[in-house]
Amino acid sequence: MQFRLLDILQSTGPVALNELIMRTHAGQSPEELGELREQLKVLVNAGLVTVSGLRSVDLSRMSPEDLTNSSDAIVEVSRAGLRRALAS
Amino acid sequence: MIAHAPYIAGALLALLFAAITVLYDCHVSIQDRLKRVPMPIYSTPQAVCLALVCGVVAAVAFGFTDNKGDTLVDSVLGLRQSNPYLRGLIVGLTVLVLIRSKLSSIKGAEIGGELAYNSGRVWVMQSLNTRWQTFKAEFNRRNQAAALATANYEVQLLAELTGAIRVQPEEFRTFVDSQVKNVQASRPTAPFAATDVVWQTYYRILTNLALDYAGPSVFAGWTTFSLK
């Protein structure tokens, strides 16, 4: 069963990007990491998730290696995301 | 002064029961949405603050009730209670009806009390998340050496985690299990070394998984671990 990224983020609280990757993707192939990056981008653009502490300014320009080594980047559900979670 | 005693007691009852109701509502909504309440809701100052503000609203609302049920507050709450103590208790328990009544929303858009209350709950959830992140970081800092020194740490910890969530709904167990399997699929291939950063990261993520879904009590029997 595939759980939504947002469900996992809500259940963990703020989490390091590399930890999120390990929790959500078993293989960590470049294709899977690309898919995660796209999912994150959609959530960030929708204002539901924030990513802080990224070395690269643009999430979409991060390579798979950047993603898996990104222990400094913290991903968390934004205020708008929490508000939506409460309303659902 | 004595003549005012029932009124003061009623207002205090309204405040107390409103605060308890709000703390309970925060607990339930956070447990429902976040799939866990990582720490007692009353240990979060922001939750206590929100509860007290709602308690004051209830105490003020109590002041606008009477023993005939003729006021606006009485009509919103459907009150017709002459006993001031019972009236205080009912106003306290139903304060959220008052705050979140249709009077404070128009066509689904939050305004007034509904907006303020939901913003308060988001504030509580955010502060709880921040406190939880800090707790996990400190727990790992205190116990990482003990974890790395524990024989079969991964097997033992996952057995404890499985046992702790056994009583949870199947959906929740599947949710946790899928994350455990994903993390295990990334187990370092190099031989175990406590000084290896990759192994340290792997152990930290396993510890966080156990903390997130079973709470710190999962480590209760681990004598080499410091829980506080």
# chains A, B, ... in the order shown; residues from 1 in each chain; ligands from 1
>>> interface_residues(of="chain A", to="chain B", cutoff="6 Å", atoms="only C-alpha atoms", output="MDAnalysis selection string")
chainID A and resid 10:11 13 22:23 25:26
>>> write_last_selection(atoms="N, CA and C atoms", output="PDB file, in the first residue's frame")
ATOM      1  N   GLN A  10       2.979  14.344   8.312  1.00  0.00           N
ATOM      2  CA  GLN A  10       2.145  14.730   9.455  1.00  0.00           C
ATOM      3  C   GLN A  10       2.456  13.853  10.664  1.00  0.00           C
ATOM      4  N   SER A  11       2.747  12.579  10.407  1.00  0.00           N
ATOM      5  CA  SER A  11       2.959  11.670  11.530  1.00  0.00           C
ATOM      6  C   SER A  11       4.341  11.802  12.154  1.00  0.00           C
ATOM      7  N   GLY A  13       6.255  14.806  12.103  1.00  0.00           N
ATOM      8  CA  GLY A  13       6.672  16.154  12.458  1.00  0.00           C
ATOM      9  C   GLY A  13       7.835  16.529  11.553  1.00  0.00           C
ATOM     10  N   MET A  22      14.378   7.721   3.166  1.00  0.00           N
ATOM     11  CA  MET A  22      14.511   6.327   3.613  1.00  0.00           C
ATOM     12  C   MET A  22      13.170   5.752   4.043  1.00  0.00           C
ATOM     13  N   ARG A  23      12.335   6.583   4.663  1.00  0.00           N
ATOM     14  CA  ARG A  23      11.040   6.096   5.145  1.00  0.00           C
ATOM     15  C   ARG A  23      10.045   5.858   4.015  1.00  0.00           C
ATOM     16  N   HIS A  25      10.882   5.528   0.443  1.00  0.00           N
ATOM     17  CA  HIS A  25      11.311   4.817  -0.764  1.00  0.00           C
ATOM     18  C   HIS A  25      12.316   3.724  -0.422  1.00  0.00           C
ATOM     19  N   ALA A  26      11.927   2.498  -0.782  1.00  0.00           N
ATOM     20  CA  ALA A  26      12.777   1.360  -0.440  1.00  0.00           C
ATOM     21  C   ALA A  26      14.030   1.323  -1.318  1.00  0.00           C
TER      22      ALA A  26
END
>>> residues_around(residues="Ala47 of chain B", least_positions_apart="6", cutoff="8 Å", atoms="only C-alpha atoms", output="NGL selection string")
:B and (23 or 26 or 41 or 121 or 124)
>>> closest_residue(among="A:Ala87, A:Ser29, A:Leu9, A:Ser71", to="Ser52 of chain A", atoms="only C-alpha atoms")
A:Ser71
>>> select_by_dssp(residues="segment 29-72 of chain A", states="alpha helix (DSSP H)", output="PyMOL selection string")
chain A and resi 30-45+64-68
>>> residues_around(residues="Val76 of chain B", least_positions_apart="5", cutoff="9 Å", atoms="only C-alpha atoms", output="PyMOL selection string")
chain B and resi 71+97-98+101
>>> write_last_selection(atoms="C-alpha atoms", output="PDB file, in the first residue's frame")
ATOM      1  CA  THR B  71     -30.446  35.548  26.665  1.00  0.00           C
ATOM      2  CA  VAL B  97     -20.481  25.017  20.346  1.00  0.00           C
ATOM      3  CA  LEU B  98     -20.535  28.682  21.247  1.00  0.00           C
ATOM      4  CA  SER B 101     -21.384  28.156  16.154  1.00  0.00           C
TER       5      SER B 101
END
>>> select_by_dssp(residues="segment 6-78 of chain A", states="strand (DSSP E)", output="list in words")
Val15, Ala16, Val49, Thr50, Val51, Ser52, Ile74, Val75, Glu76 and Val77 of chain A
>>> atom_distance(atom1="atom CA of Val44 of chain A", atom2="atom CA of Leu59 of chain A")
9.5 Å
>>> closest_residue(among="B:Val73, B:Ala146, B:Ala214, B:Leu157", to="Thr12 of chain A", atoms="only C-alpha atoms")
B:Ala214
>>> atom_distance(atom1="atom CA of Ala19 of chain B", atom2="atom CA of Gly55 of chain B")
5.1 Å
>>> residues_around(residues="Asp70 of chain B", least_positions_apart="6", cutoff="12 Å", atoms="only C-alpha atoms", output="ChimeraX atom specification")
/B:64,76-82
>>> atom_distance(atom1="atom CA of Pro30 of chain A", atom2="atom CA of Asn18 of chain A")
14.0 Å
>>> residues_around(residues="Ala73 of chain A", least_positions_apart="3", cutoff="7 Å", atoms="only C-alpha atoms", output="number ranges by chain")
A: 16-17, 51-54, 70
>>> residues_around(residues="Arg142 of chain B", least_positions_apart="3", cutoff="10 Å", atoms="only C-alpha atoms", output="ChimeraX atom specification")
/B:136-139,145-147,225-228
